[in-house]
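J.: Supplied in structure tokens, the structure appears directly below.
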Amino acid sequence: MSSPSPQPQQAAKSKTPQSSDTLYESRKKLYVRAVTGLFANWRWALVWITQIIFYGLPWLSWNDRQAFLLHITERKFYIFGWVFWPQDVFFLAILLIISAYALFFFTAIAGRLWCGYACPQTVYTEIFMWIEQKIEGDHNKRLKLDQAPMSANKALRRGGKFLVWGLVALWTGFTFVAYFSPLSELLASVKSFSFGPWEMFWILFYGTFTFLFAGVMREQVCKYMCPYARFQAVMFDPDTLVITYDEARGEPRGVRKKGVDPRTVGKGDCIDCGICVQVCPTGIDIRNGLQYECIGCAACIDACDQVMDKMNYPRGLIRYTTENAMKKNWGNKEIVAHVFRPRTLIYGTVLAVVCLAFIWGLAHREPLRVDVIRDRASLAREVEDGMIENVYRLQVMNMTEEPRNFQFEVSGLPGAKIGGVQRVEVGPASMQSVTVQVLVPSDSGKPGSNEIEFRIAAEDDPSLSLREETTFLLPR
């Protein structure tokens, strides 16, 4: 006889949360196991490359100045031989478009490559975990150390780890600020410990969050704070390469002796060792399928391949493959053939066009810029000899890193000439304003607005010239 079904009141009661229940999942601390292999080598190669660039770039010199300096105070960006002004915001917009399309392109091809290999959160987490491993030991020793009561050894190791983390974080914050404030000034401030409030705030702010994100929060940043994890699925399709567990080959799981053919014991290739979970920086089990927490670091692939080698089984139980490849049993040739599909071709074409436009814009960027502003306080006035005068303010921007003398000429109306100042000296990567009077015979144009043109040219290099149109007012 079947047991009686519960009464509605009992069923409702069974679904009522108990007092010990919580709306939030409590964090289970991860003790990530170190792993070696092809993808681990790629990750560490990216760690070295990105950090050599990040920490080393502010120390490079160019033309007796910092080679890479986004000088907010002066409102100028120095990037090697280029000097960018606020008027060059167009290049920043193009650069952001390139970054966006590169993200779309590479994600559509092979998933979260950015997250797994080049994201600052991943890079600094790798660095901080390496420091932790060197001071506290491997994952088992760290687990035992956490569970052990406080002792001199535990306090020394824990304090040493936090000290090294703190030094790395502060140096990271200092380097970050060195991109926006000259390094020479920062070093002088270090000697006298006289940082300005802005520099001190950002060094501590960036350093503190580096410490918290990479050392304390780690996977929680990727799982709960990063928006990329949430919208990554929109960029995936059945032909996107993602880290996948071959369920058909691996199931059913089970322990067996080394070298045993799994088919003879009714099992798949997976020996259920759990190492793929132990090496995962976000603590997921890739055997449960693709999950939004997966950052695509491929640590589980390296770990599983090592286990397969020990068991004398073929590698690739966990591998980069696509959904269609798993369903249709495609080989590498078919997978690669489907990488270049309409979606990636469109992304790639747009990315290439925008990159070429960016390069062309930089190559043809004018090293001279002039803004002509007509004085509105005195629109037009008659001066001696019956000439009509309009006054203009010329803002001359010398984008080269050499001092230049610029001459002014005016054309567009018969007899037009410049009275008073006809040249200006502008320092390297500087701007100079000069007031210019333009004189025109009263009968040289129609009453009202007339088009004229300024020509500004460098005395030492006539090819460095610019023409700017403006209007000249003649009284009615």
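Residue numbering restarts at 1 for every chain of the structure tokens, chains are lettered A, B, ... in their displayed order, and ligands are numbered from 1 as they appear.
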Show which residues sit within 8 Å of range 203-220 of chain A, as a ChimeraX atom specification. Count only C-alpha atoms, and ignore same-chain residues fewer than 2 positions away.
T.: /A:121-122,124-125,128-129,165-166,169-174,176-177,199-201,222-225,281-282
J.: List as JSON lines every residue of range 170-249 of chain A that is in contact with range 309-331 of chain A, defined as an atom at most 9 Å from one of its atoms (using only C-alpha atoms), together with the nearest atom pair and the distance in Å rounded to one decimal, sorted by chain and then rising number.
T.:
{"residue": "A:Asp237", "atom": "CA", "partner": "A:Glu323", "partner_atom": "CA", "distance": 8.1}
{"residue": "A:Pro238", "atom": "CA", "partner": "A:Glu323", "partner_atom": "CA", "distance": 4.8}
{"residue": "A:Asp239", "atom": "CA", "partner": "A:Thr322", "partner_atom": "CA", "distance": 5.2}
{"residue": "A:Thr240", "atom": "CA", "partner": "A:Thr322", "partner_atom": "CA", "distance": 5.5}
{"residue": "A:Leu241", "atom": "CA", "partner": "A:Thr322", "partner_atom": "CA", "distance": 4.7}
{"residue": "A:Val242", "atom": "CA", "partner": "A:Tyr320", "partner_atom": "CA", "distance": 5.2}
{"residue": "A:Ile243", "atom": "CA", "partner": "A:Tyr320", "partner_atom": "CA", "distance": 4.6}
{"residue": "A:Thr244", "atom": "CA", "partner": "A:Ile318", "partner_atom": "CA", "distance": 5.6}
{"residue": "A:Tyr245", "atom": "CA", "partner": "A:Ile318", "partner_atom": "CA", "distance": 4.4}
{"residue": "A:Asp246", "atom": "CA", "partner": "A:Leu317", "partner_atom": "CA", "distance": 5.4}
{"residue": "A:Glu247", "atom": "CA", "partner": "A:Leu317", "partner_atom": "CA", "distance": 8.2}
{"residue": "A:Arg249", "atom": "CA", "partner": "A:Leu317", "partner_atom": "CA", "distance": 7.1}
J.: Could you pull out the residues in range 260-363 of chain A that DSSP calls strand (DSSP E or B) from the backbone, as a PyMOL selection string?
T.: chain A and resi 318-321
J.: Could you write out that same residue set with N, CA, C and O atoms as a PDB file, in the first residue's frame?
T.:
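Heads up, here's the output in again29.pdb:
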ATOM      1  N   ILE A 318      38.947  16.243 -21.038  1.00  0.00           N
ATOM      2  CA  ILE A 318      38.509  17.637 -20.939  1.00  0.00           C
ATOM      3  C   ILE A 318      39.344  18.409 -21.945  1.00  0.00           C
ATOM      4  O   ILE A 318      40.570  18.328 -21.922  1.00  0.00           O
ATOM      5  N   ARG A 319      38.714  19.155 -22.824  1.00  0.00           N
ATOM      6  CA  ARG A 319      39.457  19.816 -23.901  1.00  0.00           C
ATOM      7  C   ARG A 319      38.674  21.004 -24.429  1.00  0.00           C
ATOM      8  O   ARG A 319      37.484  21.183 -24.111  1.00  0.00           O
ATOM      9  N   TYR A 320      39.364  21.803 -25.233  1.00  0.00           N
ATOM     10  CA  TYR A 320      38.696  22.866 -25.973  1.00  0.00           C
ATOM     11  C   TYR A 320      37.997  22.238 -27.174  1.00  0.00           C
ATOM     12  O   TYR A 320      38.638  21.625 -28.034  1.00  0.00           O
ATOM     13  N   THR A 321      36.700  22.375 -27.248  1.00  0.00           N
ATOM     14  CA  THR A 321      35.943  21.893 -28.393  1.00  0.00           C
ATOM     15  C   THR A 321      34.642  22.676 -28.466  1.00  0.00           C
ATOM     16  O   THR A 321      34.416  23.591 -27.672  1.00  0.00           O
TER      17      THR A 321
END
J.: Among the residues of range 101-266 of chain A, find those DSSP assigns to alpha helix (DSSP H) from the backbone and print them as a VMD selection string.
T.: chain A and resid 101 to 110 113 120 to 136 139 to 147 152 to 178 183 to 192 197 to 210 219 to 220 228 to 235 247 to 250
